[in-house]
Amino acid sequence: MPAAAIFDLDGTLLDTLHDLADSANEALTASGYAAHPVDAYRTFVGDGMAVLIERILPPDARTPDGVAKVLTGYRAAYDRRWKAKTQPYAGIEGLLTALAAKGIPLAVLSNKPQAYTEICMAHFLGHHRFEVIFGQRDHVTRKPDPAGAWEIAEQLGLPPAEVLFIGDTATDMETATAAGMIPVGVLWGFRQE
């Protein structure tokens, strides 16, 4: 029996792909760049907002000023769209309920900025108890660096080797491995890697 379960957010607990893609495409077109198909965002997202913007911009536009401009537009668009099409994946409610019934503490570690992570969790899954909810924070290196995962284990008072780390991307599996946790790759989500 695992001692705790840490979940990734986007692509694992919540299907946020359309809201992320729609927001990014709005920011791109407002800056005069071509939009991408929604499915292309399956490989663009997962490593934080700034990296997303770098990935979607044409190579010659990936300057600090170019990224900053589109990132500002993206944040403004996502502020309006974050719950337009997002929803928990099928079966997530039952999974969280079953884990809680077994007394397994739940946590979240996401590369989505902390404020967005908190608002999404409160809106979509706030009726479930999560002991720790961490998004991307300025003072902690983002996944796959294990620092956030270790911080969660420390707050829970548990050895990392007894904690499940559940996600949908190679970044999540790398995080689990680097943290010495038990990696669990889901069969749904943005990517099957």
# chains A, B, ... in the order shown; residues from 1 in each chain; ligands from 1
>>> residues_around(residues="region 148-163 of chain A", least_positions_apart="5", cutoff="6 Å", atoms="only C-alpha atoms", output="VMD selection string")
chain A and resid 2 to 5 180 to 181
>>> write_last_selection(atoms="all heavy atoms", output="PDB file, in the first residue's frame")
ATOM      1  N   PRO A   2       0.702   2.138  -0.982  1.00  0.00           N
ATOM      2  CA  PRO A   2       1.497   3.365  -0.987  1.00  0.00           C
ATOM      3  C   PRO A   2       1.152   4.242   0.209  1.00  0.00           C
ATOM      4  O   PRO A   2       0.027   4.209   0.720  1.00  0.00           O
ATOM      5  CB  PRO A   2       1.115   4.041  -2.302  1.00  0.00           C
ATOM      6  CG  PRO A   2      -0.239   3.492  -2.626  1.00  0.00           C
ATOM      7  CD  PRO A   2      -0.250   2.091  -2.091  1.00  0.00           C
ATOM      8  N   ALA A   3       2.118   5.044   0.634  1.00  0.00           N
ATOM      9  CA  ALA A   3       1.900   5.932   1.779  1.00  0.00           C
ATOM     10  C   ALA A   3       1.213   7.215   1.377  1.00  0.00           C
ATOM     11  O   ALA A   3       0.566   7.865   2.208  1.00  0.00           O
ATOM     12  CB  ALA A   3       3.244   6.241   2.442  1.00  0.00           C
ATOM     13  N   ALA A   4       1.326   7.624   0.088  1.00  0.00           N
ATOM     14  CA  ALA A   4       0.708   8.848  -0.410  1.00  0.00           C
ATOM     15  C   ALA A   4       0.723   8.809  -1.928  1.00  0.00           C
ATOM     16  O   ALA A   4       1.425   7.995  -2.539  1.00  0.00           O
ATOM     17  CB  ALA A   4       1.442  10.086   0.098  1.00  0.00           C
ATOM     18  N   ALA A   5      -0.049   9.704  -2.536  1.00  0.00           N
ATOM     19  CA  ALA A   5      -0.101   9.803  -3.995  1.00  0.00           C
ATOM     20  C   ALA A   5       0.011  11.267  -4.399  1.00  0.00           C
ATOM     21  O   ALA A   5      -0.799  12.094  -3.979  1.00  0.00           O
ATOM     22  CB  ALA A   5      -1.399   9.205  -4.529  1.00  0.00           C
ATOM     23  N   GLY A 180      13.072   9.477  -6.334  1.00  0.00           N
ATOM     24  CA  GLY A 180      13.084   8.180  -5.661  1.00  0.00           C
ATOM     25  C   GLY A 180      11.698   7.711  -5.288  1.00  0.00           C
ATOM     26  O   GLY A 180      11.529   6.934  -4.341  1.00  0.00           O
ATOM     27  N   MET A 181      10.698   8.173  -6.057  1.00  0.00           N
ATOM     28  CA  MET A 181       9.305   7.792  -5.809  1.00  0.00           C
ATOM     29  C   MET A 181       8.880   6.694  -6.773  1.00  0.00           C
ATOM     30  O   MET A 181       9.639   6.301  -7.663  1.00  0.00           O
ATOM     31  CB  MET A 181       8.404   9.019  -5.926  1.00  0.00           C
ATOM     32  CG  MET A 181       8.679  10.049  -4.862  1.00  0.00           C
ATOM     33  SD  MET A 181       7.626  11.517  -4.994  1.00  0.00           S
ATOM     34  CE  MET A 181       8.147  12.389  -3.505  1.00  0.00           C
TER      35      MET A 181
END
>>> closest_atom_pairs(of="region 156-183 of chain A", to="region 12-35 of chain A", cutoff="10 Å", atoms="only C-alpha atoms", output="tab-separated table")
residue	atom	partner	partner_atom	distance
A:Ile166	CA	A:Thr12	CA	7.6
A:Gly167	CA	A:Thr12	CA	5.5
A:Asp168	CA	A:Thr12	CA	5.7
A:Thr169	CA	A:Thr12	CA	9.0
>>> residues_around(residues="region 122-125 of chain A", least_positions_apart="3", cutoff="8 Å", atoms="only C-alpha atoms", output="MDAnalysis selection string")
chainID A and resid 87:88 118:119 128
>>> select_by_dssp(residues="region 12-173 of chain A", states="strand (DSSP E)", output="JSON, numbers by chain")
{"A": [14, 15, 87, 88, 106, 107, 108, 109, 110, 111, 112, 113, 132, 133, 134, 135, 136, 163, 164, 165, 166, 167]}
>>> atom_distance(atom1="CA of Asp172 (chain A)", atom2="CA of Arg142 (chain A)")
10.8 Å
>>> select_by_dssp(residues="chain A", states="alpha helix (DSSP H)", output="number ranges by chain")
A: 17-30, 41-44, 49-56, 64-81, 92-101, 114-125, 147-156, 170-179
>>> residues_around(residues="Thr141 (chain A)", least_positions_apart="3", cutoff="12 Å", atoms="only C-alpha atoms", output="CSV table (one decimal) with N, CA and C atoms, in the first residue's frame")
chain,number,residue,atom,x,y,z
A,47,ASP,N,5.7,22.0,-19.5
A,47,ASP,CA,7.0,22.4,-18.9
A,47,ASP,C,6.9,23.9,-18.5
A,48,GLY,N,5.7,24.4,-18.2
A,48,GLY,CA,5.5,25.7,-17.8
A,48,GLY,C,5.1,26.7,-18.9
A,109,LEU,N,1.5,18.2,-7.8
A,109,LEU,CA,2.7,18.9,-8.1
A,109,LEU,C,2.6,19.2,-9.6
A,110,SER,N,2.5,20.5,-10.0
A,110,SER,CA,2.3,20.9,-11.4
A,110,SER,C,3.3,21.9,-11.8
A,111,ASN,N,3.6,21.9,-13.1
A,111,ASN,CA,4.4,23.0,-13.7
A,111,ASN,C,3.5,24.2,-14.1
A,113,PRO,N,1.6,27.6,-13.2
A,113,PRO,CA,1.9,28.5,-12.1
A,113,PRO,C,1.0,28.3,-10.8
A,134,PHE,N,1.0,22.1,-5.0
A,134,PHE,CA,2.1,23.0,-5.5
A,134,PHE,C,2.0,23.1,-7.0
A,135,GLY,N,2.0,24.3,-7.4
A,135,GLY,CA,2.2,24.6,-8.8
A,135,GLY,C,3.7,25.1,-9.0
A,136,GLN,N,4.0,25.7,-10.1
A,136,GLN,CA,5.3,26.3,-10.3
A,136,GLN,C,5.4,27.5,-9.4
A,137,ARG,N,6.5,27.5,-8.6
A,137,ARG,CA,6.8,28.6,-7.7
A,137,ARG,C,8.2,29.2,-8.1
A,138,ASP,N,8.3,30.5,-7.9
A,138,ASP,CA,9.6,31.1,-8.4
A,138,ASP,C,10.8,30.5,-7.7
A,144,PRO,N,11.3,18.4,-14.4
A,144,PRO,CA,11.5,17.2,-13.7
A,144,PRO,C,12.5,17.3,-12.5
A,145,ASP,N,12.9,18.5,-12.1
A,145,ASP,CA,13.7,18.6,-10.9
A,145,ASP,C,12.9,18.0,-9.7
A,146,PRO,N,13.5,17.2,-8.9
A,146,PRO,CA,12.7,16.6,-7.8
A,146,PRO,C,12.4,17.4,-6.6
A,147,ALA,N,12.9,18.7,-6.6
A,147,ALA,CA,12.7,19.5,-5.3
A,147,ALA,C,11.3,19.6,-4.8
A,148,GLY,N,10.4,19.9,-5.7
A,148,GLY,CA,9.0,20.0,-5.3
A,148,GLY,C,8.4,18.7,-4.7
A,149,ALA,N,8.8,17.6,-5.4
A,149,ALA,CA,8.3,16.3,-4.9
A,149,ALA,C,8.9,16.0,-3.5
A,150,TRP,N,10.1,16.3,-3.3
A,150,TRP,CA,10.8,16.0,-2.0
A,150,TRP,C,10.1,16.9,-1.0
A,151,GLU,N,9.8,18.2,-1.3
A,151,GLU,CA,9.1,19.1,-0.4
A,151,GLU,C,7.8,18.5,0.1
A,175,THR,N,10.6,13.0,-13.0
A,175,THR,CA,10.4,13.6,-11.7
A,175,THR,C,10.4,12.5,-10.7
>>> residues_around(residues="Leu52 (chain A)", least_positions_apart="6", cutoff="9 Å", atoms="only C-alpha atoms", output="ChimeraX atom specification")
/A:24,41,44-46,71
>>> write_last_selection(atoms="N, CA and C atoms", output="mmCIF file, in the first residue's frame")
data_model
loop_
_atom_site.group_PDB
_atom_site.id
_atom_site.type_symbol
_atom_site.label_atom_id
_atom_site.label_comp_id
_atom_site.auth_asym_id
_atom_site.auth_seq_id
_atom_site.Cartn_x
_atom_site.Cartn_y
_atom_site.Cartn_z
ATOM 1 N N ALA A 24 -3.489 30.107 -25.939
ATOM 2 C CA ALA A 24 -2.221 30.325 -26.636
ATOM 3 C C ALA A 24 -2.458 30.794 -28.063
ATOM 4 N N TYR A 41 -0.743 21.000 -29.333
ATOM 5 C CA TYR A 41 -0.458 21.418 -27.962
ATOM 6 C C TYR A 41 -0.197 20.235 -27.029
ATOM 7 N N PHE A 44 3.365 20.577 -26.872
ATOM 8 C CA PHE A 44 3.846 21.914 -26.500
ATOM 9 C C PHE A 44 3.771 22.149 -24.994
ATOM 10 N N VAL A 45 2.723 21.638 -24.341
ATOM 11 C CA VAL A 45 2.490 21.950 -22.930
ATOM 12 C C VAL A 45 3.230 20.966 -22.016
ATOM 13 N N GLY A 46 3.328 21.352 -20.738
ATOM 14 C CA GLY A 46 3.861 20.430 -19.737
ATOM 15 C C GLY A 46 5.097 20.915 -18.999
ATOM 16 N N LEU A 71 3.554 35.913 -23.962
ATOM 17 C CA LEU A 71 3.233 35.369 -22.642
ATOM 18 C C LEU A 71 2.223 36.257 -21.919
#
>>> residues_around(residues="region 104-107 of chain A", least_positions_apart="2", cutoff="6 Å", atoms="only C-alpha atoms", output="ChimeraX atom specification")
/A:4-6,99-100,102,130-133
>>> write_last_selection(atoms="C-alpha atoms", output="compact mmCIF listing (two decimals), in the first residue's frame")
# COMPACT_ATOMS: atom_id res chain seq x y z
CA ALA A 4 0.71 8.85 -0.41
CA ALA A 5 -0.10 9.80 -3.99
CA ILE A 6 1.21 12.90 -5.76
CA LEU A 99 -7.70 6.59 -2.41
CA ALA A 100 -9.11 8.83 0.33
CA LYS A 102 -8.03 3.93 2.06
CA PHE A 130 -5.43 17.41 -0.90
CA GLU A 131 -2.77 17.81 1.77
CA VAL A 132 -0.40 19.80 -0.46
CA ILE A 133 -1.03 21.64 -3.74
>>> atom_distance(atom1="CA of Met173 (chain A)", atom2="CA of Gly185 (chain A)")
7.0 Å
